[in-house]
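Q: Quick one: structure below, then a few questions.
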Amino acid sequence: MSQYEFSIGTRGSALATTQTGHVAVQLHEISQVAYNTVLVKTEGDVTTGPLSQLGGTGVFAAALRQALLDGSCDMAVHSLKDLPTTQPDGLLIAATPQRADVRDALCARDGLFLAELPEGATVGTGSPRRKAQLLAFRPDLRIVDIRGNVGTRLGRVKGSPAQKDDGGVGRTAQGDLDAVILAAAGLERLGLDSHITEYLDPEIMLPAPGQGSLAVEVRAAGSGHPSVDTALETMDDVDTRLAVTAERALLARLEAGCAAPIGALATVQGDTLVLDSVACSPDGSDTMRRSATTQQLTIDGAQALGITLAEQLLREGAADLAGL
């Protein structure tokens, strides 16, 4: 085994370190190169208040990217939905590993489904996209803005023990909500999927662009070791790369971020890339769903698909509808 070690940067949350650990182990197994982990504190980790008012997309990425640029680490692992759509000079996304579950998940008291929640039930989420689509499906719900790690959010559900991010049971939960909405992928990666009472069908709630996907970012010159660069190429999943490229191209053309009630999901179906999108009024009173397809299964084709669908949305009034 080589004496060289690659360093991999991550946020310090349990979800981030778990995701990064999976990537690091896989790269090590492919390259046979050892690694070390560099913890980086980001603005999103230390700032309080709604994420939609903290600069939105990018608050979890900027410090990691700076650590990469200044050489503190050789690569950084991001949740792709946290990355701004504009790629900074000097950095590139070297790998998008195979995507996990893209869906949003309901974690409700008493094992309830979304349709079974009582009238006026309280549901916690910090996402304008989730809020708008929840209200479109159930206008009677009361949406409560929440933040915190996965365990803290789960602890807000009535009758649920407060969960530490490692899955261990903590002190008695705050228990002030009937349900919370979280990304299914994060719950599954943390081994907390037993809290899921319903996986929300994309027909009800389209996910955020890039949801369920990770991005391994490196400097433009690469990781610094040929074996690791080869391992990154091996880890890159083509279908995932095409899907998230289309989703993020749509988001970029709409000039929207995580503070916008926009959802998008692309899938490779045989020889066709299908992109579904939704734009919502913030209160969920009106929604616009549109889809487009291409058989150009290339990065350029995926980008063109996203841009084409975004331009259709804009022509039909999505900017005014969603407050972009």
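Following the order of the structure tokens, chains are lettered A, B, ..., residues in each are numbered from 1, and ligands are numbered from 1.
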Please identify all polymer residues within 12 Å of Asp229 of chain A, counting only C-alpha atoms, omitting same-chain residues fewer than 2 positions from it, and present them as an MDAnalysis selection string.

A: chainID A and resid 6 27:28 30:31 33 74:75 93:95 216:227 231:236

Q: Okay, now the selection with N, CA, C and O atoms, as an mmCIF file, in the first residue's frame?

A:
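Okay, this is what ended up in result.cif:
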data_model
loop_
_atom_site.group_PDB
_atom_site.id
_atom_site.type_symbol
_atom_site.label_atom_id
_atom_site.label_comp_id
_atom_site.auth_asym_id
_atom_site.auth_seq_id
_atom_site.Cartn_x
_atom_site.Cartn_y
_atom_site.Cartn_z
ATOM 1 N N PHE A 6 -4.542 10.564 1.274
ATOM 2 C CA PHE A 6 -5.346 11.688 0.798
ATOM 3 C C PHE A 6 -6.199 12.179 1.960
ATOM 4 O O PHE A 6 -6.618 11.406 2.824
ATOM 5 N N LEU A 27 -13.195 4.992 -1.769
ATOM 6 C CA LEU A 27 -12.000 5.434 -2.492
ATOM 7 C C LEU A 27 -10.769 4.642 -2.052
ATOM 8 O O LEU A 27 -9.917 4.281 -2.877
ATOM 9 N N HIS A 28 -10.663 4.396 -0.752
ATOM 10 C CA HIS A 28 -9.540 3.613 -0.231
ATOM 11 C C HIS A 28 -9.550 2.198 -0.804
ATOM 12 O O HIS A 28 -8.502 1.669 -1.209
ATOM 13 N N ILE A 30 -10.802 1.148 -3.596
ATOM 14 C CA ILE A 30 -10.480 1.136 -5.022
ATOM 15 C C ILE A 30 -9.005 1.462 -5.262
ATOM 16 O O ILE A 30 -8.324 0.812 -6.052
ATOM 17 N N SER A 31 -8.500 2.476 -4.554
ATOM 18 C CA SER A 31 -7.152 2.991 -4.824
ATOM 19 C C SER A 31 -6.063 2.346 -3.981
ATOM 20 O O SER A 31 -4.880 2.430 -4.328
ATOM 21 N N VAL A 33 -5.128 3.524 -1.269
ATOM 22 C CA VAL A 33 -4.424 4.648 -0.676
ATOM 23 C C VAL A 33 -5.110 4.999 0.645
ATOM 24 O O VAL A 33 -6.348 5.058 0.722
ATOM 25 N N ASP A 74 -7.546 17.507 0.344
ATOM 26 C CA ASP A 74 -7.382 17.168 -1.072
ATOM 27 C C ASP A 74 -8.704 17.055 -1.802
ATOM 28 O O ASP A 74 -8.749 17.137 -3.034
ATOM 29 N N MET A 75 -9.777 16.825 -1.062
ATOM 30 C CA MET A 75 -11.110 16.748 -1.653
ATOM 31 C C MET A 75 -12.120 17.061 -0.557
ATOM 32 O O MET A 75 -11.794 17.028 0.631
ATOM 33 N N ILE A 93 -16.242 19.084 -9.706
ATOM 34 C CA ILE A 93 -16.876 17.911 -9.098
ATOM 35 C C ILE A 93 -16.340 16.681 -9.815
ATOM 36 O O ILE A 93 -16.659 16.422 -10.974
ATOM 37 N N ALA A 94 -15.499 15.934 -9.103
ATOM 38 C CA ALA A 94 -14.822 14.789 -9.712
ATOM 39 C C ALA A 94 -15.683 13.546 -9.718
ATOM 40 O O ALA A 94 -15.480 12.659 -10.550
ATOM 41 N N ALA A 95 -16.624 13.450 -8.796
ATOM 42 C CA ALA A 95 -17.460 12.246 -8.738
ATOM 43 C C ALA A 95 -18.820 12.563 -8.138
ATOM 44 O O ALA A 95 -18.931 13.324 -7.173
ATOM 45 N N VAL A 216 -18.261 14.855 -4.796
ATOM 46 C CA VAL A 216 -16.879 14.848 -4.320
ATOM 47 C C VAL A 216 -16.116 15.874 -5.157
ATOM 48 O O VAL A 216 -15.951 15.708 -6.366
ATOM 49 N N GLU A 217 -15.689 16.934 -4.480
ATOM 50 C CA GLU A 217 -15.081 18.062 -5.169
ATOM 51 C C GLU A 217 -13.576 18.064 -4.939
ATOM 52 O O GLU A 217 -13.100 17.764 -3.837
ATOM 53 N N VAL A 218 -12.828 18.387 -5.982
ATOM 54 C CA VAL A 218 -11.368 18.451 -5.911
ATOM 55 C C VAL A 218 -10.902 19.730 -6.593
ATOM 56 O O VAL A 218 -11.671 20.418 -7.258
ATOM 57 N N ARG A 219 -9.612 20.040 -6.408
ATOM 58 C CA ARG A 219 -9.035 21.144 -7.168
ATOM 59 C C ARG A 219 -8.937 20.739 -8.643
ATOM 60 O O ARG A 219 -8.918 19.556 -8.971
ATOM 61 N N ALA A 220 -8.885 21.731 -9.506
ATOM 62 C CA ALA A 220 -8.904 21.462 -10.944
ATOM 63 C C ALA A 220 -7.767 20.540 -11.369
ATOM 64 O O ALA A 220 -7.901 19.774 -12.332
ATOM 65 N N ALA A 221 -6.648 20.590 -10.649
ATOM 66 C CA ALA A 221 -5.510 19.739 -10.986
ATOM 67 C C ALA A 221 -5.683 18.307 -10.500
ATOM 68 O O ALA A 221 -4.852 17.442 -10.797
ATOM 69 N N GLY A 222 -6.753 18.033 -9.742
ATOM 70 C CA GLY A 222 -6.994 16.686 -9.242
ATOM 71 C C GLY A 222 -6.686 16.554 -7.766
ATOM 72 O O GLY A 222 -6.379 17.533 -7.072
ATOM 73 N N SER A 223 -6.740 15.335 -7.292
ATOM 74 C CA SER A 223 -6.564 15.074 -5.857
ATOM 75 C C SER A 223 -5.111 15.127 -5.415
ATOM 76 O O SER A 223 -4.818 15.216 -4.229
ATOM 77 N N GLY A 224 -4.206 15.034 -6.379
ATOM 78 C CA GLY A 224 -2.776 15.005 -6.043
ATOM 79 C C GLY A 224 -2.175 13.620 -6.128
ATOM 80 O O GLY A 224 -0.971 13.447 -5.919
ATOM 81 N N HIS A 225 -2.995 12.609 -6.431
ATOM 82 C CA HIS A 225 -2.490 11.245 -6.551
ATOM 83 C C HIS A 225 -3.223 10.526 -7.676
ATOM 84 O O HIS A 225 -4.454 10.430 -7.654
ATOM 85 N N PRO A 226 -2.500 9.998 -8.687
ATOM 86 C CA PRO A 226 -3.156 9.372 -9.845
ATOM 87 C C PRO A 226 -4.100 8.228 -9.470
ATOM 88 O O PRO A 226 -5.174 8.086 -10.074
ATOM 89 N N SER A 227 -3.740 7.432 -8.470
ATOM 90 C CA SER A 227 -4.598 6.303 -8.097
ATOM 91 C C SER A 227 -5.926 6.779 -7.527
ATOM 92 O O SER A 227 -6.975 6.176 -7.758
ATOM 93 N N ALA A 231 -9.696 6.353 -8.972
ATOM 94 C CA ALA A 231 -10.780 5.854 -8.119
ATOM 95 C C ALA A 231 -11.992 6.774 -8.183
ATOM 96 O O ALA A 231 -13.139 6.309 -8.182
ATOM 97 N N LEU A 232 -11.758 8.071 -8.243
ATOM 98 C CA LEU A 232 -12.864 9.023 -8.358
ATOM 99 C C LEU A 232 -13.617 8.826 -9.670
ATOM 100 O O LEU A 232 -14.856 8.885 -9.701
ATOM 101 N N GLU A 233 -12.873 8.585 -10.747
ATOM 102 C CA GLU A 233 -13.517 8.314 -12.031
ATOM 103 C C GLU A 233 -14.379 7.060 -11.951
ATOM 104 O O GLU A 233 -15.489 7.006 -12.483
ATOM 105 N N THR A 234 -13.868 6.043 -11.266
ATOM 106 C CA THR A 234 -14.606 4.797 -11.109
ATOM 107 C C THR A 234 -15.877 5.010 -10.283
ATOM 108 O O THR A 234 -16.930 4.425 -10.560
ATOM 109 N N MET A 235 -15.787 5.848 -9.259
ATOM 110 C CA MET A 235 -16.915 6.100 -8.364
ATOM 111 C C MET A 235 -18.017 6.909 -9.040
ATOM 112 O O MET A 235 -19.185 6.829 -8.658
ATOM 113 N N ASP A 236 -17.676 7.693 -10.045
ATOM 114 C CA ASP A 236 -18.655 8.565 -10.689
ATOM 115 C C ASP A 236 -19.708 7.726 -11.406
ATOM 116 O O ASP A 236 -19.394 6.905 -12.260
#

Q: Restricting the calculation to only C-alpha atoms: of A:Leu313, A:Leu154, A:Lys41, A:Asp320, which residue gets closest to Gly12 of chain A?

A: A:Lys41

Q: Excluding same-chain residues fewer than 2 positions from Ala184 of chain A, what lies within 10 Å of it counting only C-alpha atoms, as a list of chain:residue names?

A: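 My reading of the contact set: A:Ala100, A:Asp101, A:Val102, A:Arg103, A:Asp104, A:Ala105, A:Leu106, A:Cys107, A:Ile181, A:Leu182, A:Gly186, A:Leu187, A:Glu188, A:Arg189, A:Leu192, A:Asp193, A:Ile196, A:Glu198, A:Tyr199, A:Leu200, A:Gln211, A:Gly212.
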
Q: Using only C-alpha atoms, I'd like a table of the residues in segment 75-193 of chain A that come within 9 Å of segment 239-250 of chain A; for each, show the closest atom pair and its distance in Å rounded to one decimal, ordered by chain and ascending number, as JSON lines.

A:
{"residue": "A:Leu80", "atom": "CA", "partner": "A:Val244", "partner_atom": "CA", "distance": 8.5}
{"residue": "A:Lys81", "atom": "CA", "partner": "A:Arg248", "partner_atom": "CA", "distance": 8.8}
{"residue": "A:Pro84", "atom": "CA", "partner": "A:Arg248", "partner_atom": "CA", "distance": 8.9}
{"residue": "A:Thr85", "atom": "CA", "partner": "A:Arg248", "partner_atom": "CA", "distance": 6.1}
{"residue": "A:Ala95", "atom": "CA", "partner": "A:Arg241", "partner_atom": "CA", "distance": 8.2}
{"residue": "A:Thr96", "atom": "CA", "partner": "A:Arg241", "partner_atom": "CA", "distance": 5.9}
{"residue": "A:Pro97", "atom": "CA", "partner": "A:Thr240", "partner_atom": "CA", "distance": 7.2}
{"residue": "A:Gln98", "atom": "CA", "partner": "A:Thr240", "partner_atom": "CA", "distance": 5.9}
{"residue": "A:Arg99", "atom": "CA", "partner": "A:Thr240", "partner_atom": "CA", "distance": 5.9}

Q: Please extract the residues of segment 2-104 of chain A with a backbone DSSP assignment of helix (DSSP H, G or I) and present them as a ChimeraX atom specification.

A: /A:14-31,43-46,51-53,62-69,80-82

Q: DSSP says strand (DSSP E or B) for which residues of segment 89-233 of chain A? Put them as JSON, numbers by chain?

A: {"A": [91, 92, 93, 94, 95, 104, 105, 106, 107, 108, 122, 123, 124, 142, 143, 144, 157, 163, 169, 177, 179, 180, 181, 182, 183, 198, 199, 214, 215, 216, 217, 218, 219, 222]}

Q: If we count only C-alpha atoms and set the cut-off at 12 Å, which residues sit around Glu203 of chain A, ignoring sequence neighbours fewer than 4 positions away in its own chain? Please answer as a PyMOL selection string.

A: chain A and resi 103-104+133-134+136-137+199+207+263-265+276-278+289-290
